[in-house]
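Chemist: final-v2.pdb (PDB, C-alpha atoms) pasted underneath:
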ATOM      1  CA  MET A   1     -11.482  21.145   1.042
ATOM      2  CA  ALA A   2      -9.813  24.526   0.894
ATOM      3  CA  LEU A   3      -8.386  25.817  -2.359
ATOM      4  CA  GLY A   4      -4.821  24.674  -2.766
ATOM      5  CA  SER A   5      -5.109  21.929  -0.168
ATOM      6  CA  ALA A   6      -5.876  19.048  -2.541
ATOM      7  CA  PRO A   7      -3.444  16.178  -2.014
ATOM      8  CA  SER A   8      -0.706  15.729  -4.568
ATOM      9  CA  ALA A   9      -1.243  12.983  -7.125
ATOM     10  CA  TYR A  10       1.976  11.467  -5.828
ATOM     11  CA  ALA A  11       1.301  11.889  -2.113
ATOM     12  CA  PRO A  12       1.562   8.603  -0.217
ATOM     13  CA  ARG A  13      -1.704   6.704   0.118
ATOM     14  CA  PHE A  14      -2.608   4.522   3.064
ATOM     15  CA  ASP A  15      -6.107   3.345   2.187
ATOM     16  CA  ALA A  16      -5.515  -0.203   0.974
ATOM     17  CA  GLY A  17      -6.190  -1.797   4.353
ATOM     18  CA  ARG A  18      -2.802  -3.504   4.769
ATOM     19  CA  VAL A  19       0.746  -2.137   4.863
ATOM     20  CA  CYS A  20       1.909  -4.539   2.144
ATOM     21  CA  LEU A  21      -0.913  -3.376  -0.141
ATOM     22  CA  ASP A  22      -0.120   0.262   0.660
ATOM     23  CA  LEU A  23       3.415  -0.483  -0.535
ATOM     24  CA  LEU A  24       1.973  -1.648  -3.881
ATOM     25  CA  ALA A  25       0.240   1.729  -4.216
ATOM     26  CA  THR A  26       3.628   3.482  -4.276
ATOM     27  CA  ALA A  27       4.044   2.487  -7.935
ATOM     28  CA  HIS A  28       0.867   4.163  -9.229
ATOM     29  CA  PRO A  29       0.213   6.472 -11.022
ATOM     30  CA  GLY A  30       3.974   6.878 -11.131
ATOM     31  CA  GLU A  31       6.926   6.016  -8.931
ATOM     32  CA  ARG A  32       6.176   7.466  -5.501
ATOM     33  CA  LEU A  33       9.340   6.087  -3.912
ATOM     34  CA  ASP A  34      11.479   8.364  -6.053
ATOM     35  CA  GLY A  35      14.011   9.215  -3.384
ATOM     36  CA  VAL A  36      15.124   8.430   0.136
ATOM     37  CA  GLY A  37      13.020  11.283   1.525
ATOM     38  CA  ALA A  38       9.878   9.913  -0.124
ATOM     39  CA  LEU A  39      10.648   6.452   1.254
ATOM     40  CA  CYS A  40      11.146   7.818   4.776
ATOM     41  CA  ALA A  41       7.840   9.706   4.508
ATOM     42  CA  TRP A  42       6.130   6.482   3.432
ATOM     43  CA  ILE A  43       7.723   4.507   6.291
ATOM     44  CA  GLY A  44       6.461   7.064   8.802
ATOM     45  CA  GLY A  45       3.038   7.380   7.197
ATOM     46  CA  ALA A  46       2.608   3.612   7.107
ATOM     47  CA  GLY A  47       3.249   3.489  10.852
ATOM     48  CA  LEU A  48       6.320   1.279  10.589
ATOM     49  CA  VAL A  49       8.055   3.594  13.045
ATOM     50  CA  PRO A  50       6.679   5.870  15.786
ATOM     51  CA  ASP A  51       6.263   9.569  14.980
ATOM     52  CA  GLY A  52       9.525  11.440  15.261
ATOM     53  CA  THR A  53      11.759   8.416  14.640
ATOM     54  CA  ALA A  54      14.984   9.581  13.001
ATOM     55  CA  LEU A  55      15.648   7.908   9.665
ATOM     56  CA  GLY A  56      18.621  10.032   8.621
ATOM     57  CA  HIS A  57      20.716   6.896   8.177
ATOM     58  CA  ALA A  58      18.487   5.662   5.304
ATOM     59  CA  ASP A  59      20.198   5.496   1.930
ATOM     60  CA  ALA A  60      19.589   4.411  -1.667
ATOM     61  CA  SER A  61      19.945   0.731  -0.757
ATOM     62  CA  TRP A  62      16.737   1.092   1.263
ATOM     63  CA  LEU A  63      14.942   2.261  -1.879
ATOM     64  CA  ALA A  64      16.132  -0.792  -3.792
ATOM     65  CA  GLY A  65      15.002  -3.112  -0.995
ATOM     66  CA  PHE A  66      11.512  -1.619  -0.705
ATOM     67  CA  ARG A  67      11.030  -1.560  -4.482
ATOM     68  CA  GLU A  68      12.106  -5.206  -4.692
ATOM     69  CA  LEU A  69       9.687  -6.166  -1.908
ATOM     70  CA  ARG A  70       6.929  -4.210  -3.652
ATOM     71  CA  CYS A  71       7.520  -6.192  -6.836
ATOM     72  CA  CYS A  72       7.478  -9.497  -4.945
ATOM     73  CA  VAL A  73       4.277  -8.651  -3.080
ATOM     74  CA  GLY A  74       2.663  -7.655  -6.378
ATOM     75  CA  VAL A  75       3.483 -11.019  -7.929
ATOM     76  CA  LEU A  76       2.142 -12.867  -4.889
ATOM     77  CA  VAL A  77      -1.078 -10.865  -4.601
ATOM     78  CA  ARG A  78      -1.905 -10.903  -8.297
ATOM     79  CA  GLY A  79      -0.687 -14.446  -8.896
ATOM     80  CA  PRO A  80       1.866 -15.749 -11.367
ATOM     81  CA  CYS A  81       1.866 -14.538 -14.947
ATOM     82  CA  PRO A  82       0.569 -17.240 -17.293
ATOM     83  CA  GLY A  83       3.439 -19.538 -18.167
ATOM     84  CA  ASP A  84       5.797 -18.026 -15.586
ATOM     85  CA  ALA A  85       5.378 -19.990 -12.367
ATOM     86  CA  SER A  86       9.060 -19.487 -11.538
ATOM     87  CA  SER A  87       8.583 -15.753 -10.828
ATOM     88  CA  TYR A  88       5.935 -16.637  -8.233
ATOM     89  CA  GLY A  89       8.314 -19.068  -6.521
ATOM     90  CA  ARG A  90      11.135 -16.517  -6.512
ATOM     91  CA  ALA A  91       8.842 -13.831  -5.089
ATOM     92  CA  LEU A  92       7.569 -16.166  -2.379
ATOM     93  CA  GLY A  93      11.112 -17.171  -1.431
ATOM     94  CA  ARG A  94      12.225 -13.550  -1.227
ATOM     95  CA  VAL A  95       9.263 -12.438   0.910
ATOM     96  CA  ASN A  96       9.823 -15.387   3.250
ATOM     97  CA  ALA A  97      13.528 -14.561   3.517
ATOM     98  CA  LEU A  98      12.819 -10.897   4.297
ATOM     99  CA  ALA A  99      10.234 -11.873   6.928
ATOM    100  CA  LEU A 100      12.905 -13.757   8.904
ATOM    101  CA  ALA A 101      14.815 -10.632   9.946
ATOM    102  CA  ALA A 102      14.350  -9.210  13.432
ATOM    103  CA  THR A 103      11.860  -6.361  13.529
ATOM    104  CA  PRO A 104      12.460  -3.049  15.334
ATOM    105  CA  ALA A 105      12.167  -3.374  19.117
ATOM    106  CA  PRO A 106       9.657  -0.966  20.668
ATOM    107  CA  VAL A 107      10.093   0.432  24.164
ATOM    108  CA  ALA A 108       7.785   2.546  26.336
ATOM    109  CA  VAL A 109       9.241   5.858  27.516
ATOM    110  CA  PRO A 110       7.762   8.607  29.698
ATOM    111  CA  ALA A 111       6.088  11.392  27.751
ATOM    112  CA  GLU A 112       5.809  15.073  28.642
ATOM    113  CA  GLY A 113       2.857  15.580  30.934
ATOM    114  CA  GLY A 114       2.777  11.964  32.079
ATOM    115  CA  GLY A 115       1.843   8.787  30.307
ATOM    116  CA  LEU A 116       4.000   6.664  28.088
ATOM    117  CA  VAL A 117       4.829   6.794  24.396
ATOM    118  CA  ARG A 118       6.331   4.219  22.091
ATOM    119  CA  GLU A 119       9.843   4.651  20.728
ATOM    120  CA  LEU A 120      12.268   2.232  19.139
ATOM    121  CA  ALA A 121      15.152   0.831  21.168
ATOM    122  CA  GLY A 122      17.554   1.937  18.447
ATOM    123  CA  PRO A 123      17.622   3.267  14.917
ATOM    124  CA  PRO A 124      15.765   0.814  12.673
ATOM    125  CA  GLY A 125      17.663  -0.763   9.820
ATOM    126  CA  ALA A 126      16.269  -1.455   6.370
ATOM    127  CA  ALA A 127      16.131  -5.214   7.015
ATOM    128  CA  ALA A 128      14.030  -4.706  10.157
ATOM    129  CA  LEU A 129      11.546  -2.444   8.370
ATOM    130  CA  LEU A 130      11.370  -4.720   5.341
ATOM    131  CA  ALA A 131      10.630  -7.587   7.730
ATOM    132  CA  LEU A 132       7.579  -5.745   9.060
ATOM    133  CA  VAL A 133       6.124  -5.372   5.553
ATOM    134  CA  ALA A 134       7.108  -8.900   4.511
ATOM    135  CA  ARG A 135       5.446 -10.345   7.629
ATOM    136  CA  ASP A 136       2.308  -8.369   6.841
ATOM    137  CA  ALA A 137       2.334  -9.922   3.356
ATOM    138  CA  VAL A 138       2.793 -13.411   4.832
ATOM    139  CA  GLU A 139      -0.133 -12.805   7.213
ATOM    140  CA  LEU A 140      -2.342 -11.587   4.374
ATOM    141  CA  LEU A 141      -1.438 -14.375   1.970
ATOM    142  CA  THR A 142      -1.905 -17.146   4.534
ATOM    143  CA  ASP A 143      -5.200 -15.901   6.004
ATOM    144  CA  PRO A 144      -7.956 -17.334   3.770
ATOM    145  CA  VAL A 145     -10.542 -14.772   4.938
ATOM    146  CA  ALA A 146      -8.265 -11.776   4.358
ATOM    147  CA  ARG A 147      -6.946 -13.200   1.076
ATOM    148  CA  ALA A 148     -10.513 -13.603  -0.193
ATOM    149  CA  ALA A 149     -11.172  -9.922   0.592
ATOM    150  CA  VAL A 150      -8.360  -8.646  -1.662
ATOM    151  CA  ARG A 151      -9.872  -6.781  -4.613
ATOM    152  CA  GLU A 152      -8.520  -4.964  -7.631
ATOM    153  CA  CYS A 153      -9.841  -1.458  -8.216
ATOM    154  CA  GLU A 154     -12.537  -1.228 -10.884
ATOM    155  CA  GLY A 155     -11.370   2.251 -11.882
ATOM    156  CA  ASP A 156     -10.216   2.769 -15.463
ATOM    157  CA  ASP A 157      -6.487   2.091 -15.740
ATOM    158  CA  CYS A 158      -6.082   1.605 -11.995
ATOM    159  CA  PRO A 159      -4.064  -1.471 -11.032
ATOM    160  CA  LEU A 160      -4.276  -0.911  -7.274
ATOM    161  CA  VAL A 161      -5.462  -3.613  -4.913
ATOM    162  CA  TYR A 162      -7.068  -3.197  -1.513
ATOM    163  CA  LEU A 163      -8.602  -5.183   1.301
ATOM    164  CA  ASP A 164     -12.399  -4.954   1.056
ATOM    165  CA  THR A 165     -13.702  -4.749   4.610
ATOM    166  CA  SER A 166     -16.879  -2.918   3.649
ATOM    167  CA  ARG A 167     -20.290  -4.138   4.744
ATOM    168  CA  GLY A 168     -21.449  -6.694   2.220
ATOM    169  CA  ARG A 169     -18.032  -6.680   0.536
ATOM    170  CA  ARG A 170     -19.260  -4.221  -2.102
ATOM    171  CA  ARG A 171     -16.354  -1.778  -2.269
ATOM    172  CA  ARG A 172     -15.463  -1.196  -5.921
ATOM    173  CA  TRP A 173     -12.599   1.294  -5.910
ATOM    174  CA  CYS A 174      -9.246   1.710  -4.215
ATOM    175  CA  SER A 175     -10.488   5.153  -3.168
ATOM    176  CA  SER A 176     -13.979   6.574  -3.424
ATOM    177  CA  GLU A 177     -12.443  10.058  -3.592
ATOM    178  CA  VAL A 178     -10.081   9.203  -6.468
ATOM    179  CA  CYS A 179     -11.275   6.381  -8.719
ATOM    180  CA  GLY A 180     -14.857   6.424  -7.441
ATOM    181  CA  ASN A 181     -15.190  10.131  -8.140
ATOM    182  CA  ARG A 182     -13.675   9.681 -11.624
ATOM    183  CA  GLU A 183     -16.222   6.958 -12.373
ATOM    184  CA  ARG A 184     -19.138   9.072 -11.139
ATOM    185  CA  VAL A 185     -18.015  12.031 -13.279
ATOM    186  CA  ALA A 186     -17.605   9.780 -16.345
ATOM    187  CA  ARG A 187     -21.055   8.259 -15.778
ATOM    188  CA  HIS A 188     -22.582  11.739 -15.485
ATOM    189  CA  ARG A 189     -20.888  12.823 -18.725
ATOM    190  CA  ARG A 190     -22.153   9.719 -20.553
ATOM    191  CA  ARG A 191     -25.722  10.369 -19.363
ATOM    192  CA  ALA A 192     -25.473  14.043 -20.341
ATOM    193  CA  ALA A 193     -24.148  13.118 -23.802
ATOM    194  CA  LEU A 194     -27.007  10.628 -24.301
ATOM    195  CA  ALA A 195     -29.543  13.259 -23.221
ATOM    196  CA  ARG A 196     -28.143  15.738 -25.769
ATOM    197  CA  ALA A 197     -28.242  13.155 -28.600
TER     198      ALA A 197
END
Kindly present the structure from the file in structure tokens form.
Modeler:
Amino acid sequence: MALGSAPSAYAPRFDAGRVCLDLLATAHPGERLDGVGALCAWIGGAGLVPDGTALGHADASWLAGFRELRCCVGVLVRGPCPGDASSYGRALGRVNALALAATPAPVAVPAEGGGLVRELAGPPGAAALLALVARDAVELLTDPVARAAVRECEGDDCPLVYLDTSRGRRRRWCSSEVCGNRERVARHRRRAALARA
């Protein structure tokens, strides 16, 4: 990687294996959805809209909706807090309600040089985009095979979850380049300290 090209600590990540789990990653290590621009970048990066889709009509209410959905998905993926089954029920009800909205309608349009590209029939609204993520959460939570492959990162102080699709289901970290590298460096330092002692 060239000097100065390292990704920002707050750059959007899309390595969790599911859009709903990628949404959870927007809260760590700090708030990544810290403005409408950041949310629009996440929406595009997550593939909720085709490249070049205008999202200039997005506003602060979109941020509130995506943050609320993120919280609900987190409760559902991690399970209810001990003694607080009501939060799980509320989260499930909210995700189900959001999943009911109509999703953006794709259309095929001619591209330059021939072929077809995907565009949306009209500007997507927040409810339509939230429905895409909520439906992904419903699919994940109701698929026993996928649900069994959800793992929490073993990295120190990393609360991220991901879908383990690795051979043998032996993936340990949300990202080998981030948490995995940190763990390898820490292990090397421990061995070096023991060798010096």
Chemist: Could you tell me how far CA of Arg135 in chain A sits from CA of Ala101 in chain A, in Å to one decimal place?
Modeler: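 The value is 9.7 Å.
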Chemist: Counting all atoms listed in the file, what are the residues of range 121-171 of chain A within 8 Å of range 66-76 of chain A, and for each of them which pair of atoms is the nearest and at what distance in Å, to one decimal? Sort the table by chain and rising number, as a Markdown table.
Modeler:
| residue | atom | partner | partner_atom | distance |
| --- | --- | --- | --- | --- |
| A:Leu130 | CA | A:Phe66 | CA | 6.8 |
| A:Ala134 | CA | A:Leu69 | CA | 7.4 |
| A:Ala137 | CA | A:Val73 | CA | 6.8 |
| A:Leu141 | CA | A:Leu76 | CA | 7.9 |
Chemist: As an exercise, work out the distance from CA of Asp164 in chain A to CA of Arg151 in chain A in Å and give it to one decimal place.
Modeler: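 A separation of 6.5 Å between them.
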Chemist: Choose the residue, out of A:Val36, A:Ala25, A:Val77, A:Val145, that has the smallest atom-to-atom separation from Ala11 in chain A; count only C-alpha atoms.
Modeler: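 That would be A:Ala25, the residue with the smallest distance to Ala11 in chain A.
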Chemist: Could you tell me which residues the PyMOL selection byres ((chain A and resi 120) around 6) grabs in this file, written as a PDB file with C-alpha atoms, in the coordinates of the input?
Modeler:
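Printed below is selection_30.pdb as written:
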ATOM      1  CA  ALA A 105      12.167  -3.374  19.117  1.00  0.00           C
ATOM      2  CA  PRO A 106       9.657  -0.966  20.668  1.00  0.00           C
ATOM      3  CA  VAL A 107      10.093   0.432  24.164  1.00  0.00           C
ATOM      4  CA  GLU A 119       9.843   4.651  20.728  1.00  0.00           C
ATOM      5  CA  ALA A 121      15.152   0.831  21.168  1.00  0.00           C
ATOM      6  CA  GLY A 122      17.554   1.937  18.447  1.00  0.00           C
TER       7      GLY A 122
END
Chemist: Quick one: everything within 10 Å of Leu39 in chain A, counting only C-alpha atoms, minus sequence neighbours fewer than 2 positions away in the same chain. Send it as a list in words.
Modeler: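 After dropping sequence-adjacent residues, the list is Pro12, Thr26, Arg32, Leu33, Asp34, Gly35, Val36, Gly37, Ala41, Trp42, Ile43, Gly44, Gly45, Leu55, Ala58, Asp59, Ala60, Trp62, Leu63, Phe66 and Arg67 of chain A.
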Chemist: Report, in Å to a single decimal, how far apart CA of Ala46 in chain A and CA of Gly65 in chain A are.
Modeler: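 Computed distance, CA of Gly65 in chain A to CA of Ala46 in chain A, equals 16.3 Å.
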Chemist: Which of these, A:Ala27, A:Cys81, A:Asp143, A:Ser61, has the shortest distance to Ala127 in chain A once you count all atoms listed in the file?
Modeler: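 Going through A:Ala27, A:Cys81, A:Asp143, A:Ser61 one by one, the smallest distance to Ala127 in chain A is for A:Ser61.
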Chemist: I need the output of the PyMOL selection byres ((chain A and resi 161) around 10) for this file as a ChimeraX atom specification; which residues are they?
Modeler: /A:15-17,21-22,24-25,74,77-78,150-154,158-160,162-164,173-174
Chemist: Write out as a PyMOL selection string which residues come within 10 Å of Asp156 in chain A when counting all atoms listed in the file, dropping same-chain ones fewer than 5 positions away.
Modeler: chain A and resi 173+179-180+182-183
Chemist: Using all atoms listed in the file, which of A:Gly89, A:Gly47, A:Ala148, A:Gly56 sits nearest Arg169 in chain A?
Modeler: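 Smallest distance to Arg169 in chain A is found for A:Ala148.
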Chemist: Which is closer to Arg147 in chain A than all the others in A:Gly113, A:Pro104, A:Gly79, A:Pro124, using only C-alpha atoms?
Modeler: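 Of the candidates, the smallest distance to Arg147 in chain A is held by A:Gly79.
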Chemist: From the set A:Leu92, A:Pro110, A:Ala146, A:Gly52, which residue has the shortest atom-to-atom contact distance to Pro80 in chain A, counting only C-alpha atoms?
Modeler: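 The answer is A:Leu92, which sits nearest to Pro80 in chain A.
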Chemist: For Ala102 in chain A, list every protein, DNA or RNA residue within 10 Å, evaluated using only C-alpha atoms, and leave out those in the same chain fewer than 3 positions away; present the list as a ChimeraX atom specification.
Modeler: /A:98-99,105,125,127-132
Chemist: For each of A:Arg190, A:Arg170, A:His28, A:Arg18, take the minimum atom-to-atom distance to Glu139 in chain A, counting only C-alpha atoms, then give the residue where this is smallest.
Modeler: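 Of all the options, A:Arg18 lies closest to Glu139 in chain A.
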